[in-house]
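A.B. asks: Okay, so here is structure-v2.txt, and as you'll see once you scroll down, it has compact mmCIF, C-alpha atoms.
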```txt
# COMPACT_ATOMS: atom_id res chain seq x y z
CA GLN M 36 -12.46 121.23 164.46
CA LYS M 37 -11.88 117.79 166.01
CA THR M 38 -14.72 116.22 164.01
CA VAL M 39 -12.59 113.34 162.74
CA SER M 40 -9.87 111.22 164.28
CA LEU M 41 -6.82 110.38 162.16
CA ALA M 42 -5.34 108.11 164.82
CA GLN M 43 -5.82 104.92 162.80
CA THR M 44 -4.64 106.29 159.46
CA GLN M 45 -2.30 103.86 157.73
CA ILE M 46 -1.58 105.55 154.39
CA LEU M 47 -1.06 109.22 153.43
CA VAL M 48 -1.40 109.96 149.70
CA LEU M 49 -0.16 113.25 148.24
CA ASP M 50 -1.38 113.71 144.67
CA GLU M 51 0.16 116.45 142.50
CA ALA M 52 2.76 116.59 145.24
CA ASP M 53 5.16 118.93 143.47
CA ARG M 54 2.64 121.73 143.00
CA MET M 55 1.17 121.30 146.47
CA LEU M 56 4.56 121.74 148.11
CA ASP M 57 5.72 124.35 145.61
CA MET M 58 2.69 126.55 146.37
CA GLY M 59 3.59 126.72 150.04
CA PHE M 60 1.20 124.16 151.50
CA LEU M 61 3.95 122.48 153.53
CA PRO M 62 2.95 124.17 156.85
CA ASP M 63 -0.67 123.05 156.39
CA LEU M 64 0.49 119.59 155.41
CA GLN M 65 2.72 119.47 158.48
CA ARG M 66 -0.29 120.22 160.72
CA ILE M 67 -2.09 117.22 159.24
CA ILE M 68 0.98 114.98 159.48
CA ASN M 69 1.31 115.85 163.18
CA LEU M 70 -2.13 114.31 163.71
CA LEU M 71 -1.21 111.05 161.96
CA PRO M 72 0.38 107.97 163.50
CA LYS M 73 4.16 107.88 163.20
CA GLN M 74 4.00 104.43 161.64
CA ARG M 75 2.33 104.86 158.24
CA GLN M 76 3.04 104.69 154.51
CA ASN M 77 3.46 107.89 152.50
CA LEU M 78 2.78 107.90 148.75
CA MET M 79 3.55 110.90 146.50
CA PHE M 80 2.40 111.15 142.87
CA SER M 81 3.22 113.70 140.19
CA ALA M 82 3.95 113.92 136.46
CA THR M 83 6.83 116.32 137.19
CA PHE M 84 9.16 116.21 140.15
CA SER M 85 11.99 118.71 140.44
CA PRO M 86 15.18 118.07 142.47
CA GLU M 87 14.14 120.84 144.88
CA ILE M 88 10.81 119.16 145.59
CA LYS M 89 12.52 115.78 146.00
CA LYS M 90 14.82 117.34 148.59
CA LEU M 91 11.86 118.88 150.39
CA ALA M 92 9.92 115.62 150.30
CA SER M 93 12.84 113.70 151.76
CA SER M 94 12.47 115.77 154.92
CA PHE M 95 9.31 113.91 155.91
CA LEU M 96 9.66 110.59 154.05
CA ASN M 97 11.44 107.65 155.63
CA ASP M 98 13.77 105.66 153.36
CA PRO M 99 11.67 106.43 150.24
CA VAL M 100 11.73 104.43 147.00
CA THR M 101 11.23 106.24 143.67
CA ILE M 102 9.15 104.51 141.00
CA GLU M 103 9.07 106.05 137.52
CA VAL M 104 6.72 104.76 134.81
CA ALA M 105 8.31 107.09 132.24
CA ARG M 106 11.38 109.27 131.84
CA SER M 107 11.33 112.21 134.23
CA ASN M 108 9.26 115.16 132.96
CA ALA M 109 8.41 113.26 129.77
CA THR M 110 5.32 113.80 127.64
CA ALA M 111 3.25 110.83 126.50
CA ASP M 112 4.10 109.20 123.17
CA THR M 113 0.37 109.19 122.37
CA VAL M 114 0.30 113.01 122.19
CA THR M 115 1.19 114.70 118.89
CA GLN M 116 2.57 118.16 119.64
CA ILE M 117 2.71 121.14 117.31
CA VAL M 118 3.42 124.85 117.65
CA TYR M 119 1.67 127.35 115.38
CA LYS M 120 3.17 130.79 114.89
CA VAL M 121 0.33 133.23 115.51
CA GLU M 122 0.40 136.92 116.33
CA ASP M 123 -1.67 138.04 119.32
CA ASP M 124 -4.40 139.69 117.23
CA ASP M 125 -4.95 136.45 115.31
CA ARG M 126 -5.13 133.99 118.21
CA ARG M 127 -8.91 133.93 118.52
CA ASP M 128 -9.37 133.46 114.77
CA ALA M 129 -6.75 130.72 114.79
CA VAL M 130 -8.55 128.80 117.57
CA THR M 131 -11.89 129.17 115.77
CA HIS M 132 -10.35 128.04 112.47
CA LEU M 133 -8.65 124.99 113.98
CA ILE M 134 -11.81 123.84 115.76
CA LYS M 135 -14.07 124.31 112.75
CA ALA M 136 -11.64 123.09 110.07
CA ARG M 137 -10.89 119.90 112.00
CA ALA M 138 -14.49 119.52 113.24
CA LEU M 139 -13.09 119.11 116.74
CA LYS M 140 -15.34 118.15 119.63
CA GLN M 141 -14.36 118.19 123.31
CA VAL M 142 -11.45 120.61 123.03
CA LEU M 143 -9.72 121.87 126.17
CA VAL M 144 -8.27 125.36 125.63
CA PHE M 145 -5.89 126.84 128.19
CA SER M 146 -5.66 130.55 128.98
CA ASN M 147 -3.19 132.08 131.42
CA THR M 148 -5.75 134.44 132.97
CA LYS M 149 -9.27 134.16 134.34
CA ILE M 150 -10.42 137.21 132.39
CA GLY M 151 -8.89 135.81 129.21
CA ALA M 152 -10.64 132.46 129.69
CA SER M 153 -14.07 134.07 130.14
CA ARG M 154 -13.55 136.42 127.21
CA LEU M 155 -12.43 133.65 124.85
CA ALA M 156 -15.40 131.45 125.80
CA ARG M 157 -17.78 134.32 124.99
CA GLN M 158 -16.01 135.00 121.70
CA LEU M 159 -16.19 131.34 120.66
CA GLU M 160 -19.92 131.36 121.46
CA GLN M 161 -20.30 134.35 119.12
CA GLU M 162 -18.58 132.28 116.42
CA GLY M 163 -21.19 129.54 116.82
CA ILE M 164 -19.03 127.21 118.92
CA LYS M 165 -20.54 125.93 122.16
CA ALA M 166 -18.03 126.93 124.83
CA ILE M 167 -17.79 127.31 128.59
CA ALA M 168 -15.14 128.75 130.92
CA ILE M 169 -13.73 127.26 134.11
CA HIS M 170 -11.35 129.11 136.44
CA GLY M 171 -10.65 130.09 140.03
CA ASP M 172 -13.37 132.75 140.22
CA LYS M 173 -16.02 130.11 139.56
CA SER M 174 -17.56 128.41 142.59
CA GLN M 175 -16.95 124.70 143.09
CA GLN M 176 -20.55 124.04 142.08
CA GLU M 177 -20.09 126.06 138.87
CA ARG M 178 -16.87 124.19 138.06
CA ILE M 179 -18.53 120.81 138.56
CA ALA M 180 -21.48 121.85 136.38
CA ALA M 181 -19.13 123.09 133.63
CA LEU M 182 -17.08 119.91 133.72
CA ASP M 183 -20.19 117.70 133.62
CA ALA M 184 -21.53 119.62 130.61
CA PHE M 185 -18.17 119.21 128.88
CA LYS M 186 -17.94 115.47 129.60
CA LYS M 187 -21.51 114.97 128.31
CA CYS M 188 -20.57 116.81 125.08
CA GLU M 189 -23.19 119.48 125.77
CA VAL M 190 -20.42 121.99 125.01
CA ASP M 191 -17.62 121.52 122.49
CA VAL M 192 -14.93 123.66 124.11
CA MET M 193 -13.92 124.25 127.71
CA VAL M 194 -11.64 127.25 128.19
CA ALA M 195 -9.68 126.89 131.41
CA THR M 196 -6.88 128.35 133.45
CA ASP M 197 -4.35 126.02 135.06
CA VAL M 198 -7.03 125.08 137.61
CA ALA M 199 -7.83 122.33 135.07
CA ALA M 200 -4.25 121.43 134.16
CA ARG M 201 -3.87 118.84 136.90
CA GLY M 202 -6.10 116.12 138.26
CA LEU M 203 -8.59 116.43 135.40
CA ASP M 204 -9.36 113.06 133.80
CA ILE M 205 -11.48 113.07 130.65
CA ALA M 206 -11.07 109.66 129.07
CA GLU M 207 -11.46 110.54 125.39
CA LEU M 208 -10.30 114.16 125.25
CA PRO M 209 -8.87 114.41 121.69
CA CYS M 210 -7.27 117.84 121.70
CA VAL M 211 -5.65 120.43 123.97
CA ILE M 212 -4.92 123.95 122.73
CA ASN M 213 -2.60 126.34 124.53
CA TYR M 214 -4.19 129.68 123.63
CA ASP M 215 -1.49 131.13 125.87
CA LEU M 216 1.78 129.30 126.40
CA PRO M 217 2.12 128.48 130.13
CA TYR M 218 4.54 130.42 132.30
CA ASN M 219 6.68 127.36 133.06
CA ALA M 220 7.56 124.07 131.39
CA GLU M 221 6.10 121.90 134.17
CA ASP M 222 2.63 123.34 133.53
CA TYR M 223 3.03 122.56 129.82
CA VAL M 224 3.60 118.88 130.60
CA HIS M 225 0.54 118.79 132.85
CA ARG M 226 -1.65 120.65 130.38
CA ILE M 227 -0.99 118.43 127.39
CA GLY M 228 -1.23 115.40 129.67
CA ARG M 229 -5.02 115.91 129.68
CA THR M 230 -5.10 114.32 126.21
CA GLY M 231 -3.63 111.05 124.92
CA ARG M 232 -4.66 109.21 128.09
CA ALA M 233 -5.26 105.49 128.61
CA GLY M 234 -3.48 104.62 125.37
CA ARG M 235 -5.59 106.88 123.16
CA ASN M 236 -4.04 109.36 120.74
CA GLY M 237 -4.30 113.10 121.25
CA ILE M 238 -3.20 116.41 119.76
CA ALA M 239 -1.58 119.27 121.67
CA VAL M 240 -1.53 122.61 119.85
CA SER M 241 0.28 125.70 121.13
CA LEU M 242 -0.20 129.19 119.70
CA VAL M 243 3.01 131.18 119.97
CA ASN M 244 3.94 134.70 118.91
CA HIS M 245 7.40 135.74 117.81
CA ALA M 246 8.55 136.78 121.28
CA GLU M 247 7.55 133.45 122.85
CA GLY M 248 10.03 131.39 120.87
CA VAL M 249 12.39 131.38 123.87
CA ASN M 250 9.65 129.78 125.99
CA VAL M 251 9.23 127.02 123.43
CA LYS M 252 12.97 126.34 123.63
CA ARG M 253 12.68 126.15 127.43
CA ILE M 254 9.90 123.57 127.13
CA GLU M 255 11.94 121.57 124.62
CA ARG M 256 14.93 121.49 126.98
CA PHE M 257 12.69 120.42 129.85
CA THR M 258 11.00 117.59 127.92
CA LYS M 259 14.15 116.75 125.91
CA GLN M 260 12.30 116.77 122.59
CA LEU M 261 11.74 119.11 119.66
CA ILE M 262 8.24 120.42 118.90
CA PRO M 263 7.41 120.95 115.19
CA VAL M 264 6.63 124.57 114.27
CA ASP M 265 4.15 125.47 111.52
CA VAL M 266 1.62 128.12 110.50
CA VAL M 267 -2.15 127.70 110.77
CA PRO M 268 -3.42 126.48 107.38
CA GLY M 269 -5.39 129.23 105.63
```
Go ahead and render the structure in this file as structure tokens.
C.D. replies:
Amino acid sequence: QKTVSLAQTQILVLDEADRMLDMGFLPDLQRIINLLPKQRQNLMFSATFSPEIKKLASSFLNDPVTIEVARSNATADTVTQIVYKVEDDDRRDAVTHLIKARALKQVLVFSNTKIGASRLARQLEQEGIKAIAIHGDKSQQERIAALDAFKKCEVDVMVATDVAARGLDIAELPCVINYDLPYNAEDYVHRIGRTGRAGRNGIAVSLVNHAEGVNVKRIERFTKQLIPVDVVPG
């Protein structure tokens, strides 16, 4: 729309670079890059960075230097991970039990679908747990309002799709629950990375049915660590 000039831009920052490029935003990004000065600094940040994305990034980076603050695709040492074996019909009861038994506040629960997120939030409300849903069908204003309510502890649980897996910074978030195991290992790393931030400890719980054991193994290979498996107490 020619409402801003990028002619004096000195630095281009790409946050969550792997997902942005992986989702097909490269043509849009290229349009922006074409409006930038040739002489500039490019910075790319991401918790996961696959070889394919590195190869793609090298196509528009000049003599790049890679800086890693942790082992590639690693999860934080401050996050205690556990997998609970739960059949599909028992998932909701398991989430309710874990929240109430541990008296958890500010719990981020991930669902793979928008419908599932809304339904689970309503079900938790019926169980006497203050909950709210956030997903792609919500307007930006609704998402901001939901996040503000969650940060202010006006609600105890925020049920989210992967729209909240990246770029969401809640300083003292104590627990993340994967109501549904994510479709790929990279999303698992990003999801549980919402807790255990800034040196604080956190818990990452994943509910897994019998058929999803192969997905757990895939995550373990990706993160190069074993995740303890247990049953929900009671």
A.B. asks: If we count only C-alpha atoms, what is near region 244-254 of chain M at a cut-off of 12 Å, once residues fewer than 4 positions away on the same chain are taken out, given as a ChimeraX atom specification?
C.D. replies: /M:108-110,116-126,213-225,258-266
A.B. asks: Please dump the current selection as a PDB file, in the frame of the given file; keep C-alpha atoms.
C.D. replies:
```pdb
ATOM      1  CA  ASN M 108       9.260 115.160 132.960  1.00  0.00           C
ATOM      2  CA  ALA M 109       8.410 113.260 129.770  1.00  0.00           C
ATOM      3  CA  THR M 110       5.320 113.800 127.640  1.00  0.00           C
ATOM      4  CA  GLN M 116       2.570 118.160 119.640  1.00  0.00           C
ATOM      5  CA  ILE M 117       2.710 121.140 117.310  1.00  0.00           C
ATOM      6  CA  VAL M 118       3.420 124.850 117.650  1.00  0.00           C
ATOM      7  CA  TYR M 119       1.670 127.350 115.380  1.00  0.00           C
ATOM      8  CA  LYS M 120       3.170 130.790 114.890  1.00  0.00           C
ATOM      9  CA  VAL M 121       0.330 133.230 115.510  1.00  0.00           C
ATOM     10  CA  GLU M 122       0.400 136.920 116.330  1.00  0.00           C
ATOM     11  CA  ASP M 123      -1.670 138.040 119.320  1.00  0.00           C
ATOM     12  CA  ASP M 124      -4.400 139.690 117.230  1.00  0.00           C
ATOM     13  CA  ASP M 125      -4.950 136.450 115.310  1.00  0.00           C
ATOM     14  CA  ARG M 126      -5.130 133.990 118.210  1.00  0.00           C
ATOM     15  CA  ASN M 213      -2.600 126.340 124.530  1.00  0.00           C
ATOM     16  CA  TYR M 214      -4.190 129.680 123.630  1.00  0.00           C
ATOM     17  CA  ASP M 215      -1.490 131.130 125.870  1.00  0.00           C
ATOM     18  CA  LEU M 216       1.780 129.300 126.400  1.00  0.00           C
ATOM     19  CA  PRO M 217       2.120 128.480 130.130  1.00  0.00           C
ATOM     20  CA  TYR M 218       4.540 130.420 132.300  1.00  0.00           C
ATOM     21  CA  ASN M 219       6.680 127.360 133.060  1.00  0.00           C
ATOM     22  CA  ALA M 220       7.560 124.070 131.390  1.00  0.00           C
ATOM     23  CA  GLU M 221       6.100 121.900 134.170  1.00  0.00           C
ATOM     24  CA  ASP M 222       2.630 123.340 133.530  1.00  0.00           C
ATOM     25  CA  TYR M 223       3.030 122.560 129.820  1.00  0.00           C
ATOM     26  CA  VAL M 224       3.600 118.880 130.600  1.00  0.00           C
ATOM     27  CA  HIS M 225       0.540 118.790 132.850  1.00  0.00           C
ATOM     28  CA  THR M 258      11.000 117.590 127.920  1.00  0.00           C
ATOM     29  CA  LYS M 259      14.150 116.750 125.910  1.00  0.00           C
ATOM     30  CA  GLN M 260      12.300 116.770 122.590  1.00  0.00           C
ATOM     31  CA  LEU M 261      11.740 119.110 119.660  1.00  0.00           C
ATOM     32  CA  ILE M 262       8.240 120.420 118.900  1.00  0.00           C
ATOM     33  CA  PRO M 263       7.410 120.950 115.190  1.00  0.00           C
ATOM     34  CA  VAL M 264       6.630 124.570 114.270  1.00  0.00           C
ATOM     35  CA  ASP M 265       4.150 125.470 111.520  1.00  0.00           C
ATOM     36  CA  VAL M 266       1.620 128.120 110.500  1.00  0.00           C
TER      37      VAL M 266
END
```
A.B. asks: Just want the 9 Å neighbourhood of Ala195 (chain M), counted on all atoms listed in the file, with same-chain residues fewer than 5 positions away dropped. Output as a list of chain:residue names.
C.D. replies: M:Leu143, M:Val144, M:Phe145, M:Ser146, M:Asn147, M:Thr148, M:Lys149, M:Ala152, M:Ser153, M:Ile167, M:Ala168, M:Ile169, M:His170, M:Ala200
A.B. asks: Filtering to C-alpha atoms, could you give me those residues as an mmCIF file, in the coordinates of the input?
C.D. replies:
```cif
data_model
loop_
_atom_site.group_PDB
_atom_site.id
_atom_site.type_symbol
_atom_site.label_atom_id
_atom_site.label_comp_id
_atom_site.auth_asym_id
_atom_site.auth_seq_id
_atom_site.Cartn_x
_atom_site.Cartn_y
_atom_site.Cartn_z
ATOM 1 C CA LEU M 143 -9.720 121.870 126.170
ATOM 2 C CA VAL M 144 -8.270 125.360 125.630
ATOM 3 C CA PHE M 145 -5.890 126.840 128.190
ATOM 4 C CA SER M 146 -5.660 130.550 128.980
ATOM 5 C CA ASN M 147 -3.190 132.080 131.420
ATOM 6 C CA THR M 148 -5.750 134.440 132.970
ATOM 7 C CA LYS M 149 -9.270 134.160 134.340
ATOM 8 C CA ALA M 152 -10.640 132.460 129.690
ATOM 9 C CA SER M 153 -14.070 134.070 130.140
ATOM 10 C CA ILE M 167 -17.790 127.310 128.590
ATOM 11 C CA ALA M 168 -15.140 128.750 130.920
ATOM 12 C CA ILE M 169 -13.730 127.260 134.110
ATOM 13 C CA HIS M 170 -11.350 129.110 136.440
ATOM 14 C CA ALA M 200 -4.250 121.430 134.160
#
```
A.B. asks: Just how far from CA of Pro86 (chain M) is CA of Leu70 (chain M), in Å to one decimal?
C.D. replies: 27.7 Å
A.B. asks: For Asp53 (chain M), which of M:Ile102, M:Val39, M:Phe84, M:Gly269 is the closest residue, counting all atoms listed in the file?
C.D. replies: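 Of M:Ile102, M:Val39, M:Phe84, M:Gly269, the one nearest Asp53 (chain M), counting all atoms listed in the file, is M:Phe84.
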A.B. asks: Could you state the separation of CA of Lys173 (chain M) and CA of Lys140 (chain M) in Å, given to one decimal place?
C.D. replies: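 Between these atoms lies a distance of 23.3 Å.
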A.B. asks: Skip Gln43 (chain M) itself and residues of its chain fewer than 3 positions away, then list as a ChimeraX atom specification all residues within 10 Å of it, counting all atoms listed in the file.
C.D. replies: /M:40,46,71-72,74-75
A.B. asks: Write out as a PyMOL selection string each polymer residue whose atoms come within 10 Å of Asp191 (chain M), counting only C-alpha atoms; drop sequence neighbours fewer than 5 positions from it.
C.D. replies: chain M and resi 134+138-143+164-167+184-186
